[in-house]
file my_file11.cif (mmCIF, C-alpha atoms and all ligand atoms)
data_my_file
#
loop_
_atom_site.label_atom_id
_atom_site.label_comp_id
_atom_site.auth_asym_id
_atom_site.auth_seq_id
_atom_site.Cartn_x
_atom_site.Cartn_y
_atom_site.Cartn_z
CA MET B 1 -79.66 -32.25 -39.23
CA MET B 2 -78.81 -35.85 -40.12
CA ALA B 3 -81.06 -35.74 -43.16
CA PHE B 4 -79.42 -32.53 -44.27
CA ALA B 5 -75.89 -33.94 -43.95
CA GLY B 6 -76.96 -37.04 -45.87
CA ALA B 7 -78.43 -34.98 -48.66
CA VAL B 8 -75.21 -32.99 -49.01
CA ASN B 9 -73.18 -36.19 -49.25
CA VAL B 10 -75.39 -37.60 -51.95
CA SER B 11 -75.10 -34.46 -54.02
CA VAL B 12 -71.29 -34.41 -54.05
CA ALA B 13 -70.18 -38.04 -53.77
CA GLN B 14 -70.32 -40.16 -56.91
CA THR B 15 -70.59 -43.91 -56.82
CA VAL B 16 -67.11 -45.44 -57.04
CA LEU B 17 -66.88 -48.53 -59.25
CA TYR B 18 -63.24 -49.43 -58.59
CA HIS B 19 -62.61 -49.20 -54.86
CA ALA B 20 -59.22 -50.96 -54.81
CA GLY B 21 -58.09 -48.72 -57.65
CA LYS B 22 -59.23 -45.66 -55.74
CA SER B 23 -57.24 -46.71 -52.66
CA THR B 24 -54.11 -47.14 -54.76
CA PHE B 25 -54.73 -43.82 -56.48
CA ASP B 26 -55.25 -41.96 -53.22
CA ALA B 27 -52.10 -43.50 -51.71
CA HIS B 28 -49.70 -43.23 -54.68
CA CYS B 29 -51.01 -40.94 -57.40
CA ALA B 30 -52.99 -38.17 -55.72
CA VAL B 31 -49.79 -36.63 -54.31
CA CYS B 32 -49.15 -35.32 -57.83
CA HIS B 33 -52.42 -35.70 -59.74
CA GLN B 34 -54.57 -34.62 -56.74
CA ALA B 35 -57.61 -36.38 -55.35
CA GLY B 36 -60.05 -37.11 -58.12
CA GLY B 37 -57.25 -36.67 -60.71
CA ILE B 38 -57.94 -32.97 -61.21
CA GLY B 39 -54.22 -32.29 -61.72
CA GLN B 40 -51.95 -29.57 -60.43
CA ASP B 41 -50.65 -26.69 -62.56
CA GLY B 42 -46.90 -26.87 -63.13
CA LEU B 43 -46.68 -30.40 -61.71
CA ALA B 44 -48.99 -33.11 -63.01
CA PRO B 45 -51.74 -33.13 -65.63
CA PRO B 46 -55.41 -33.76 -64.92
CA LEU B 47 -56.50 -37.34 -65.62
CA THR B 48 -60.17 -36.52 -66.05
CA GLY B 49 -60.38 -36.18 -69.84
CA TYR B 50 -57.62 -37.76 -71.91
CA PRO B 51 -57.42 -41.25 -70.36
CA GLY B 52 -61.10 -41.84 -71.16
CA LYS B 53 -60.39 -41.00 -74.78
CA TYR B 54 -57.28 -43.18 -74.90
CA ALA B 55 -59.17 -46.17 -73.50
CA GLY B 56 -61.34 -46.56 -76.60
CA VAL B 57 -58.46 -47.42 -78.97
CA ALA B 58 -55.84 -50.16 -78.74
CA ALA B 59 -52.88 -47.78 -78.99
CA GLY B 60 -54.37 -45.63 -76.25
CA ARG B 61 -54.89 -48.59 -73.94
CA GLN B 62 -51.27 -49.57 -74.46
CA GLN B 63 -50.25 -45.99 -73.74
CA LEU B 64 -51.99 -46.04 -70.37
CA THR B 65 -50.36 -49.32 -69.38
CA VAL B 66 -46.84 -48.25 -70.39
CA THR B 67 -47.25 -44.89 -68.66
CA VAL B 68 -47.89 -46.45 -65.26
CA LEU B 69 -45.28 -49.18 -65.78
CA HIS B 70 -42.44 -47.15 -67.26
CA GLY B 71 -43.28 -43.53 -66.37
CA MET B 72 -43.10 -40.53 -68.67
CA PHE B 73 -40.67 -37.66 -69.12
CA GLY B 74 -40.85 -34.59 -71.35
CA GLU B 75 -43.20 -31.73 -72.07
CA ILE B 76 -46.82 -32.60 -72.70
CA ARG B 77 -49.92 -30.58 -73.43
CA VAL B 78 -53.32 -31.30 -71.91
CA ASN B 79 -56.12 -29.07 -73.07
CA ASP B 80 -54.54 -25.61 -73.12
CA LYS B 81 -51.82 -26.23 -70.52
CA THR B 82 -48.31 -27.68 -70.65
CA TYR B 83 -46.62 -29.90 -68.06
CA ASN B 84 -42.99 -30.90 -67.98
CA PHE B 85 -42.08 -33.00 -65.01
CA ARG B 86 -41.37 -36.66 -64.40
CA MET B 87 -44.00 -39.32 -63.99
CA PRO B 88 -42.31 -42.11 -62.00
CA SER B 89 -42.44 -45.79 -62.94
CA PHE B 90 -44.81 -47.93 -60.88
CA ALA B 91 -43.39 -51.24 -62.07
CA SER B 92 -43.02 -52.30 -58.44
CA MET B 93 -46.81 -52.62 -58.19
CA SER B 94 -48.52 -55.83 -59.26
CA ASP B 95 -50.28 -56.21 -62.61
CA GLU B 96 -53.60 -56.49 -60.78
CA GLU B 97 -53.02 -53.31 -58.74
CA LEU B 98 -52.10 -51.36 -61.86
CA ALA B 99 -55.09 -52.70 -63.81
CA GLN B 100 -57.38 -51.58 -60.99
CA VAL B 101 -55.84 -48.13 -60.68
CA LEU B 102 -56.23 -47.63 -64.45
CA ASN B 103 -59.86 -48.75 -64.19
CA TYR B 104 -60.43 -46.19 -61.47
CA VAL B 105 -58.86 -43.48 -63.65
CA VAL B 106 -60.74 -44.43 -66.82
CA PHE B 107 -64.16 -45.38 -65.46
CA ASP B 108 -64.47 -43.40 -62.24
CA LEU B 109 -62.65 -40.19 -63.14
CA ASN B 110 -63.59 -39.86 -66.81
CA ALA B 111 -67.15 -39.17 -67.90
CA GLN B 112 -66.46 -40.54 -71.39
CA HIS B 113 -64.73 -43.83 -72.12
CA ALA B 114 -65.98 -44.89 -75.56
CA ASN B 115 -67.36 -48.31 -74.52
CA ALA B 116 -63.87 -49.34 -73.42
CA LYS B 117 -63.42 -52.69 -71.71
CA PRO B 118 -61.91 -52.76 -68.22
CA PHE B 119 -58.17 -53.37 -67.92
CA THR B 120 -57.06 -56.76 -66.67
CA ALA B 121 -53.79 -57.99 -65.19
CA SER B 122 -52.90 -59.58 -68.53
CA ASP B 123 -52.96 -56.16 -70.26
CA LEU B 124 -50.31 -55.04 -67.78
CA LYS B 125 -48.30 -58.22 -68.14
CA THR B 126 -47.94 -57.60 -71.89
CA ALA B 127 -46.78 -54.03 -71.38
CA ARG B 128 -44.38 -55.01 -68.59
CA GLY B 129 -42.32 -57.02 -71.07
CA GLN B 130 -41.65 -53.96 -73.21
CA GLU B 131 -38.35 -52.19 -72.68
CA LEU B 132 -39.36 -48.54 -72.64
CA ASP B 133 -38.18 -45.56 -70.66
CA GLY B 134 -40.03 -42.35 -69.84
CA SER B 135 -38.80 -40.61 -72.99
CA ALA B 136 -40.01 -43.43 -75.22
CA VAL B 137 -43.40 -43.35 -73.50
CA HIS B 138 -43.46 -39.59 -74.09
CA ALA B 139 -42.72 -40.05 -77.82
CA ARG B 140 -45.55 -42.57 -78.11
CA ARG B 141 -47.93 -40.16 -76.44
CA ALA B 142 -47.14 -37.51 -79.07
CA LEU B 143 -48.15 -39.92 -81.84
CA LEU B 144 -51.30 -40.98 -80.00
CA THR B 145 -52.58 -37.50 -79.19
CA LYS B 146 -51.97 -36.44 -82.79
CA ARG B 147 -53.89 -39.44 -84.05
CA LEU B 148 -56.79 -38.75 -81.67
CA GLY B 149 -56.77 -35.05 -82.51
CA LEU B 150 -56.12 -34.02 -78.89
C1 LIG A 201 -44.31 -37.58 -58.81
C2 LIG A 201 -45.57 -37.15 -59.40
C3 LIG A 201 -46.47 -38.19 -60.01
C4 LIG A 201 -47.01 -39.32 -59.43
C5 LIG A 201 -46.79 -39.82 -58.01
C6 LIG A 201 -47.86 -39.92 -60.43
N1 LIG A 201 -47.82 -39.20 -61.58
FE1 LIG A 201 -48.83 -39.59 -63.31
N2 LIG A 201 -47.89 -38.07 -64.22
C7 LIG A 201 -47.05 -37.18 -63.62
C8 LIG A 201 -46.52 -36.26 -64.60
C9 LIG A 201 -45.56 -35.13 -64.32
C10 LIG A 201 -47.08 -36.63 -65.83
C11 LIG A 201 -46.78 -35.99 -67.17
C12 LIG A 201 -45.37 -36.44 -67.58
C13 LIG A 201 -44.72 -35.59 -68.62
O1 LIG A 201 -44.81 -34.35 -68.54
O2 LIG A 201 -44.08 -36.17 -69.54
C14 LIG A 201 -47.96 -37.77 -65.55
C15 LIG A 201 -48.72 -38.41 -66.51
C16 LIG A 201 -49.64 -39.41 -66.25
C17 LIG A 201 -50.52 -40.02 -67.22
C18 LIG A 201 -50.59 -39.67 -68.70
C19 LIG A 201 -51.63 -38.62 -68.97
C20 LIG A 201 -51.71 -38.28 -70.44
O3 LIG A 201 -52.48 -37.38 -70.78
O4 LIG A 201 -51.02 -38.90 -71.26
C21 LIG A 201 -51.25 -40.96 -66.56
C22 LIG A 201 -52.32 -41.86 -67.16
C23 LIG A 201 -50.83 -40.95 -65.18
N3 LIG A 201 -49.85 -40.00 -65.02
C24 LIG A 201 -51.34 -41.77 -64.20
C25 LIG A 201 -50.79 -41.89 -62.92
C26 LIG A 201 -51.18 -42.91 -61.97
C27 LIG A 201 -52.28 -43.94 -62.19
C28 LIG A 201 -50.39 -42.73 -60.87
C29 LIG A 201 -50.32 -43.59 -59.62
C30 LIG A 201 -50.12 -45.00 -59.79
C31 LIG A 201 -49.52 -41.59 -61.13
N4 LIG A 201 -49.79 -41.11 -62.38
C32 LIG A 201 -48.59 -41.08 -60.24
C33 LIG A 201 -46.70 -37.17 -62.29
C34 LIG A 201 -46.99 -38.13 -61.37
#
call {"tool": "encode", "arguments": {"input": "my_file11.cif", "output": "structure tokens"}}
result
Amino acid sequence: MMAFAGAVNVSVAQTVLYHAGKSTFDAHCAVCHQAGGIGQDGLAPPLTGYPGKYAGVAAGRQQLTVTVLHGMFGEIRVNDKTYNFRMPSFASMSDEELAQVLNYVVFDLNAQHANAKPFTASDLKTARGQELDGSAVHARRALLTKRLGL
């Protein structure tokens, strides 16, 4: 019985690289994006495909940092679905917390991440200084996804 339960756990649970990031995600992000970032139709997009693609290019890395710091507002398309709700700003979290939650999203939730380097607190510090609102972050995303062919 024990051996059976253990075997089931091994088959479903993946190794988590960013534990602090996972805790933050489960406490603050999963309410909309769902556990494991699978998304929720009509509410919040999945985070299991695009962030990994963003993380390989400088503009995409900046996009991820400004999204968590300043939020995003306006219709977006992910794969074949549209979402149009408000991503809140998480500027009240520390640079380190946000770097870790982005690392959890990029490296634990995305199978592909184009040899991207992990985020550090200094990446967040740079983005924090930028005066952007959710609509500006949304406009940047449109340019990025076009450039990446998403
Ligand atoms: C209140 C619901 C809500 C919460 C909580 C939330 N998000 Fe979001 N998130 C959204 C919505 C909605 C969008 C899409 C915004 C839009 O339509 O413009 C989004 C977009 C994103 C994107 C951009 C995806 C893309 O393809 O460009 C990322 C990355 C992201 N969220 C990460 C997070 C992280 C990390 C957290 C926790 C720190 C979080 N979100 C918490 C609702 C939420």
call {"tool": "residues_near_ligand", "arguments": {"input": "my_file11.cif", "ligand": "ligand LIG 201 (chain A)", "cutoff": "8 Å", "atoms": "only C-alpha atoms and all ligand atoms", "output": "PyMOL selection string"}}
result
chain B and resi 24-25+28-33+43-47+50-51+63-64+67-68+71-78+82-88+90+98+101-102+105+134-135+138+141
call {"tool": "closest_residue", "arguments": {"input": "my_file11.cif", "among": "B:Gly129, B:Leu148, B:Val137, B:Phe107", "to": "Thr15 in chain B", "atoms": "all atoms listed in the file"}}
result
B:Phe107
call {"tool": "closest_residue", "arguments": {"input": "my_file11.cif", "among": "B:Thr145, B:Asn79, B:Ser92, B:Gln62", "to": "Phe119 in chain B", "atoms": "all atoms listed in the file"}}
result
B:Gln62
call {"tool": "residues_around", "arguments": {"input": "my_file11.cif", "residues": "Leu144 in chain B", "least_positions_apart": "6", "cutoff": "9 Å", "atoms": "all atoms listed in the file", "output": "VMD selection string"}}
result
chain B and resid 54 59 to 60 63 150
call {"tool": "atom_distance", "arguments": {"input": "my_file11.cif", "atom1": "CA of Leu132 in chain B", "atom2": "CA of Lys81 in chain B"}}
result
25.6 Å
call {"tool": "atom_distance", "arguments": {"input": "my_file11.cif", "atom1": "CA of Gly149 in chain B", "atom2": "CA of Gln130 in chain B"}}
result
25.9 Å
call {"tool": "atom_distance", "arguments": {"input": "my_file11.cif", "atom1": "CA of Ser23 in chain B", "atom2": "CA of Arg128 in chain B"}}
result
22.1 Å
